[in-house]
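See below for coords12.txt, which holds compact mmCIF, C-alpha atoms.
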# COMPACT_ATOMS: atom_id res chain seq x y z
CA MET T 1 31.29 -36.96 -19.84
CA SER T 2 30.50 -37.32 -23.50
CA SER T 3 33.00 -35.93 -25.98
CA PRO T 4 32.10 -33.27 -28.57
CA ALA T 5 30.53 -34.54 -31.76
CA ALA T 6 33.06 -35.60 -34.37
CA GLY T 7 33.90 -32.85 -36.80
CA THR T 8 32.71 -30.08 -34.46
CA PRO T 9 35.68 -27.86 -33.55
CA ARG T 10 35.93 -26.72 -29.96
CA GLY T 11 35.13 -23.08 -29.32
CA THR T 12 32.94 -22.54 -32.40
CA GLY T 13 29.47 -21.04 -32.29
CA PRO T 14 28.08 -18.43 -29.90
CA THR T 15 29.28 -18.55 -26.32
CA ARG T 16 27.10 -18.13 -23.25
CA THR T 17 28.22 -14.50 -23.09
CA ASP T 18 27.28 -13.99 -26.75
CA ARG T 19 23.83 -15.44 -26.14
CA ARG T 20 23.32 -13.26 -23.07
CA ARG T 21 24.37 -10.15 -25.00
CA ALA T 22 22.02 -11.07 -27.84
CA ARG T 23 19.13 -11.50 -25.40
CA THR T 24 19.83 -8.13 -23.80
CA ARG T 25 20.05 -6.37 -27.14
CA GLY T 26 16.88 -8.07 -28.29
CA ALA T 27 15.07 -6.96 -25.14
CA LEU T 28 16.15 -3.36 -25.69
CA VAL T 29 15.01 -3.41 -29.32
CA ALA T 30 11.70 -5.00 -28.31
CA ALA T 31 11.18 -2.32 -25.67
CA ALA T 32 11.92 0.41 -28.22
CA ARG T 33 9.43 -1.15 -30.62
CA ALA T 34 6.79 -1.19 -27.91
CA ILE T 35 7.47 2.46 -27.12
CA LEU T 36 7.35 3.39 -30.81
CA SER T 37 4.03 1.61 -31.09
CA ASP T 38 2.39 2.98 -27.95
CA GLN T 39 3.62 6.53 -27.49
CA GLY T 40 6.58 7.41 -29.67
CA PRO T 41 10.16 8.12 -28.54
CA ALA T 42 9.73 11.75 -27.47
CA ASP T 43 10.52 12.44 -23.81
CA VAL T 44 11.33 8.79 -23.05
CA SER T 45 14.38 8.35 -20.85
CA ILE T 46 16.98 5.62 -21.09
CA GLN T 47 15.92 4.55 -17.59
CA GLN T 48 12.37 4.06 -18.82
CA ILE T 49 13.64 2.05 -21.77
CA THR T 50 15.77 -0.25 -19.62
CA ASN T 51 12.90 -0.67 -17.16
CA CYS T 52 10.64 -1.66 -20.04
CA ALA T 53 13.27 -4.10 -21.30
CA ASP T 54 13.87 -5.41 -17.75
CA VAL T 55 17.64 -4.98 -18.05
CA GLY T 56 20.14 -2.99 -16.05
CA PHE T 57 20.67 0.68 -16.90
CA GLY T 58 24.35 0.12 -17.60
CA SER T 59 23.52 -2.56 -20.16
CA PHE T 60 22.15 0.06 -22.53
CA TYR T 61 25.54 1.52 -23.42
CA ASN T 62 26.98 -1.93 -24.04
CA HIS T 63 24.78 -2.06 -27.14
CA PHE T 64 23.79 1.47 -28.19
CA SER T 65 25.48 4.85 -28.01
CA SER T 66 22.23 6.82 -27.84
CA LYS T 67 18.45 6.60 -27.81
CA ALA T 68 18.44 7.64 -31.47
CA GLU T 69 20.59 4.66 -32.39
CA LEU T 70 18.31 2.30 -30.48
CA PHE T 71 15.16 3.61 -32.13
CA GLU T 72 16.82 3.38 -35.53
CA ALA T 73 17.51 -0.28 -34.77
CA ALA T 74 13.91 -0.77 -33.65
CA VAL T 75 12.56 0.74 -36.89
CA ALA T 76 14.94 -1.43 -38.92
CA ASP T 77 13.82 -4.51 -36.96
CA ALA T 78 10.15 -3.74 -37.65
CA ALA T 79 10.94 -3.06 -41.30
CA GLU T 80 12.70 -6.41 -41.58
CA GLU T 81 9.62 -8.12 -40.15
CA TYR T 82 7.48 -6.33 -42.69
CA GLY T 83 9.80 -7.30 -45.53
CA THR T 84 9.88 -10.95 -44.44
CA LEU T 85 6.08 -11.01 -44.34
CA LEU T 86 5.91 -9.62 -47.88
CA ASP T 87 8.47 -12.14 -49.12
CA ASP T 88 6.75 -15.10 -47.48
CA SER T 89 3.32 -13.99 -48.67
CA THR T 90 4.34 -13.81 -52.32
CA ALA T 91 6.68 -16.80 -52.46
CA GLY T 92 5.73 -19.11 -55.30
CA LEU T 93 3.76 -16.48 -57.23
CA THR T 94 5.08 -15.86 -60.74
CA ASP T 95 2.82 -13.05 -61.96
CA PRO T 96 4.37 -9.72 -60.87
CA ALA T 97 0.93 -8.09 -60.91
CA GLU T 98 -0.42 -10.70 -58.49
CA GLN T 99 2.67 -10.39 -56.30
CA PHE T 100 2.10 -6.65 -56.16
CA ALA T 101 -1.61 -7.00 -55.32
CA VAL T 102 -0.92 -9.55 -52.58
CA GLY T 103 1.67 -7.22 -51.05
CA VAL T 104 -0.84 -4.38 -50.99
CA ARG T 105 -3.49 -6.56 -49.35
CA ILE T 106 -1.03 -7.97 -46.80
CA THR T 107 0.01 -4.43 -45.89
CA GLY T 108 -3.62 -3.36 -45.55
CA GLY T 109 -4.22 -6.30 -43.22
CA LEU T 110 -1.47 -5.31 -40.77
CA PRO T 111 -3.85 -3.56 -38.31
CA ASP T 112 -5.54 -6.94 -37.84
CA THR T 113 -2.65 -9.37 -38.18
CA HIS T 114 0.26 -7.34 -36.77
CA PRO T 115 -1.16 -4.31 -34.94
CA GLN T 116 2.14 -3.27 -33.37
CA LEU T 117 3.80 -3.29 -36.77
CA ALA T 118 0.94 -1.22 -38.20
CA ARG T 119 1.31 1.35 -35.42
CA ILE T 120 5.06 1.65 -35.98
CA LEU T 121 4.51 1.99 -39.71
CA MET T 122 2.07 4.84 -39.18
CA ARG T 123 4.25 6.62 -36.61
CA THR T 124 7.42 6.48 -38.70
CA GLY T 125 5.88 6.55 -42.19
CA LEU T 126 8.30 6.45 -45.09
CA VAL T 127 11.20 6.07 -42.65
CA SER T 128 9.97 2.54 -41.88
CA MET T 129 9.60 1.68 -45.53
CA ARG T 130 13.13 2.86 -46.31
CA ALA T 131 14.72 1.32 -43.20
CA GLY T 132 16.95 -1.61 -44.01
CA SER T 133 16.10 -1.13 -47.70
CA VAL T 134 12.82 -2.98 -47.22
CA LEU T 135 10.38 -1.39 -49.63
CA PRO T 136 12.51 0.25 -52.36
CA PRO T 137 14.35 -2.82 -53.74
CA ARG T 138 11.33 -5.10 -53.42
CA ALA T 139 8.75 -2.73 -54.89
CA LEU T 140 11.04 -1.21 -57.50
CA GLY T 141 12.18 -4.62 -58.68
CA LEU T 142 8.58 -5.79 -58.84
CA ILE T 143 7.50 -2.73 -60.84
CA VAL T 144 10.37 -3.23 -63.29
CA ARG T 145 9.55 -6.93 -63.69
CA GLY T 146 5.93 -6.02 -64.30
CA MET T 147 7.02 -3.53 -66.95
CA ASP T 148 9.26 -6.12 -68.62
CA ALA T 149 6.39 -8.62 -68.62
CA GLY T 150 4.00 -6.10 -70.14
CA ARG T 151 1.83 -6.07 -67.01
CA PHE T 152 2.64 -2.50 -65.95
CA ARG T 153 2.89 0.57 -68.15
CA VAL T 154 4.63 3.45 -66.42
CA ALA T 155 7.11 6.01 -67.72
CA ASP T 156 9.44 5.99 -64.71
CA PRO T 157 9.48 3.16 -62.12
CA HIS T 158 10.98 5.48 -59.49
CA VAL T 159 8.03 7.86 -59.76
CA ALA T 160 5.71 4.87 -59.56
CA LEU T 161 7.55 3.71 -56.42
CA ALA T 162 6.88 7.06 -54.73
CA GLY T 163 3.18 6.68 -55.52
CA VAL T 164 3.16 3.10 -54.22
CA ALA T 165 4.70 4.11 -50.88
CA GLY T 166 2.18 6.89 -50.33
CA CYS T 167 -0.75 4.67 -51.24
CA LEU T 168 0.35 1.94 -48.82
CA LEU T 169 0.60 4.39 -45.94
CA GLY T 170 -2.80 5.80 -46.85
CA LEU T 171 -4.30 2.31 -46.87
CA VAL T 172 -2.97 1.46 -43.40
CA GLU T 173 -4.17 4.83 -42.10
CA LEU T 174 -7.62 4.16 -43.55
CA ARG T 175 -7.76 0.74 -41.88
CA MET T 176 -6.75 2.28 -38.54
CA ALA T 177 -9.12 5.28 -38.62
CA PRO T 178 -10.93 5.74 -35.26
CA ALA T 179 -14.69 5.41 -35.12
CA GLY T 180 -16.65 8.33 -36.50
CA ASP T 181 -13.62 10.17 -37.85
CA GLY T 182 -13.06 8.37 -41.12
CA PHE T 183 -9.96 8.66 -43.27
CA GLY T 184 -7.31 11.10 -42.19
CA ALA T 185 -8.36 11.18 -38.55
CA LEU T 186 -4.83 10.32 -37.47
CA GLY T 187 -3.36 13.57 -38.79
CA GLY T 188 -0.14 14.25 -36.95
CA LEU T 189 -0.18 10.68 -35.60
CA ASN T 190 -0.78 11.99 -32.09
CA GLY T 191 -4.04 10.13 -31.60
CA LEU T 192 -2.92 6.55 -32.06
CA ASP T 193 -4.18 5.65 -28.61
CA ALA T 194 -7.65 6.02 -30.14
CA LEU T 195 -6.96 2.78 -32.00
CA ASP T 196 -8.94 0.97 -29.33
CA GLY T 197 -12.07 2.60 -30.77
CA LEU T 198 -11.64 1.26 -34.28
CA ASP T 199 -14.60 1.74 -36.58
CA GLY T 200 -16.13 -1.74 -36.77
CA GLU T 201 -17.87 -0.99 -40.02
CA LEU T 202 -14.61 0.14 -41.62
CA ARG T 203 -12.67 -2.90 -40.40
CA GLY T 204 -15.47 -5.19 -41.50
CA GLN T 205 -15.24 -4.09 -45.11
CA GLU T 206 -13.05 -6.88 -46.44
CA ASP T 207 -13.00 -5.26 -49.88
CA ILE T 208 -11.02 -2.18 -48.77
CA CYS T 209 -7.63 -3.79 -49.39
CA GLU T 210 -8.81 -5.27 -52.67
CA GLN T 211 -10.11 -1.89 -53.80
CA MET T 212 -6.76 -0.28 -53.06
CA ALA T 213 -4.88 -3.07 -54.82
CA GLU T 214 -7.11 -2.60 -57.87
CA LEU T 215 -6.60 1.18 -57.87
CA MET T 216 -2.83 0.80 -57.56
CA LEU T 217 -2.68 -1.75 -60.38
CA ARG T 218 -4.62 0.68 -62.54
CA MET T 219 -2.20 3.42 -61.49
CA LEU T 220 0.57 1.19 -62.83
CA GLY T 221 -1.20 0.95 -66.17
CA MET T 222 -3.26 -2.24 -65.99
CA PRO T 223 -6.68 -2.26 -67.70
CA ALA T 224 -9.57 -1.83 -65.23
CA GLU T 225 -11.16 -5.27 -65.66
CA GLU T 226 -7.83 -7.08 -65.44
CA ALA T 227 -6.81 -5.07 -62.35
CA ALA T 228 -10.10 -5.92 -60.64
CA GLU T 229 -9.60 -9.65 -61.29
CA VAL T 230 -5.98 -9.76 -60.13
CA ALA T 231 -6.74 -7.74 -56.98
CA ARG T 232 -9.35 -10.28 -55.85
CA ARG T 233 -7.55 -13.55 -56.39
CA PRO T 234 -7.43 -15.79 -53.29
CA LEU T 235 -4.72 -14.78 -50.84
CA PRO T 236 -1.99 -17.33 -50.15
CA ALA T 237 -1.23 -18.30 -46.56
CA ALA T 238 1.51 -16.13 -45.10
CA ARG T 239 4.04 -17.83 -42.88
CA TRP T 240 4.71 -15.83 -39.74
CA GLY T 241 6.45 -16.86 -36.57
CA GLY T 242 6.60 -20.49 -37.64
CA GLY T 243 2.89 -20.96 -38.32
CA ALA T 244 0.58 -20.45 -41.26
CA VAL T 245 -2.02 -17.73 -40.79
CA PRO T 246 -4.61 -16.26 -43.15
CA VAL T 247 -3.90 -12.65 -44.08
CA PRO T 248 -5.61 -10.37 -43.48
CA ALA T 249 -7.42 -11.69 -40.43
CA VAL T 250 -11.06 -10.66 -40.28
CA ALA T 251 -12.02 -11.34 -36.68
CA GLY T 252 -9.90 -9.79 -33.98
CA ALA T 253 -6.27 -8.83 -33.75
CA ARG T 254 -3.41 -11.29 -33.76
CA ASP T 255 -1.85 -12.01 -30.40
CA GLU T 256 1.65 -10.64 -30.73
CA ALA T 257 3.63 -13.22 -28.84
CA GLY T 258 7.28 -12.79 -28.13
CA PRO T 259 9.56 -10.31 -26.41
CA ALA T 260 8.15 -7.27 -28.22
CA ALA T 261 4.72 -7.92 -26.74
CA ALA T 262 6.11 -8.78 -23.34
CA ALA T 263 7.89 -5.47 -23.20
CA ARG T 264 4.71 -3.50 -23.70

Kindly transcribe the structure held in the file into structure tokens.
Amino acid sequence: MSSPAAGTPRGTGPTRTDRRRARTRGALVAAARAILSDQGPADVSIQQITNCADVGFGSFYNHFSSKAELFEAAVADAAEEYGTLLDDSTAGLTDPAEQFAVGVRITGGLPDTHPQLARILMRTGLVSMRAGSVLPPRALGLIVRGMDAGRFRVADPHVALAGVAGCLLGLVELRMAPAGDGFGALGGLNGLDALDGLDGELRGQEDICEQMAELMLRMLGMPAEEAAEVARRPLPAARWGGGAVPVPAVAGARDEAGPAAAAR
């Protein structure tokens, strides 16, 4: 038998038990994300969750004390995905106004590129954006940097942040509006199963995200012509799941590979 590599202490790194526990926990979180996306957590039993995750019932309490704790972890996991996408999409950009506009457009593209994430965002609303401190530090820091650079002119960045969060949710809701109902048709978020009947005309309007980015830049104090130019600069490639993909996708939804999709 070969000896351990030189300089590698015995017993370091995750054990087989650690890896098995991580897989089980990941399967439970993925199942909770699927449930959040498809129907919401109301009236879902722990047995249904473990069946969805394909793990034993007793495994649940090895990782979570309650359903509420699991769904909190699932929201935080989705929020972390969202935050990573925003970070990757704006990496290398130096203009805070362009970083902001790209983030708005990436968020508006979620129904196409990451439909499960878009559904969770709409079901949980501001809870998702606050989970794991995803939106507040990123957006607030960006607004402050834009103010320092003379790009944004707002009296209070915290008030601006509240407006940004509401606008982003409104944009995703607009992109997900069922056919014939238009904006606001998802009131109460009880009709998300109607997503299969997306309004093709609405989804085909590539300028929707750019229009919202322009409006939000103007809300932050940018002149109209400058906001329109920044909001329509070419989007960078966003790295997701190890591969480069254009965001937002125009034709069809992204295949959500991985355990979260398998659990659905």

Would you kindly return, as a ChimeraX atom specification, each protein, DNA or RNA residue with an atom no farther than 8 Å from any atom of region 140-151 of chain T, considering only C-alpha atoms and excluding same-chain residues fewer than 5 positions away? /T:96-97,99-100,135,157-158,160-161,221-222

Contacts of Arg33 (chain T) within 8 Å, only C-alpha atoms, excl. fewer than 4 positions in-chain, as a CSV table (one decimal) with C-alpha atoms, in the frame of the given file:
chain,number,residue,atom,x,y,z
T,29,VAL,CA,15.0,-3.4,-29.3
T,37,SER,CA,4.0,1.6,-31.1
T,71,PHE,CA,15.2,3.6,-32.1
T,74,ALA,CA,13.9,-0.8,-33.6
T,75,VAL,CA,12.6,0.7,-36.9
T,78,ALA,CA,10.2,-3.7,-37.6
T,120,ILE,CA,5.1,1.6,-36.0
T,260,ALA,CA,8.2,-7.3,-28.2

Residue nearest Tyr61 (chain T) among T:Thr124, T:Leu235, T:Leu28, T:Met176 (counting only C-alpha atoms):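 For Tyr61 (chain T), the nearest of the candidates is T:Leu28.
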
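Take the candidates T:Gly40, T:Gly83, T:Pro111, T:Pro178 and check each one against Pro136 (chain T) using all atoms listed in the file; the shortest distance goes to T:Gly83.
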
Give me the box for region 162-172 of chain T as AutoDock Vina command-line options, namely the centre and edge lengths in Å to one decimal of a box along x, y and z that holds every listed atom plus 3 Å on each side.
--center_x 1.3 --center_y 4.3 --center_z -49.5 --size_x 17.2 --size_y 11.6 --size_z 18.1

Could you tell me how far CA of Leu121 (chain T) sits from CA of Thr94 (chain T), in Å to one decimal place?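 Between CA of Thr94 (chain T) and CA of Leu121 (chain T) the gap is 27.6 Å.
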
Measure the distance from CA of Pro115 (chain T) to CA of Pro234 (chain T) in Å and round it to one decimal. 22.5 Å

Of the candidates T:Ala231, T:Ala53, T:Val164, T:Leu169, which one gets nearest to Ala118 (chain T) if we count only C-alpha atoms? T:Leu169

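Around the point (12.9, -3.6, -17.6), within 12 Å and counting only C-alpha atoms, we find these residues: Thr24, Ala27, Leu28, Val29, Ala30, Ala31, Ala32, Ile46, Gln47, Gln48, Ile49, Thr50, Asn51, Cys52, Ala53, Asp54, Val55, Gly56, Phe57, Ser59, Phe60, Pro259, Ala262, Ala263 and Arg264 of chain T.
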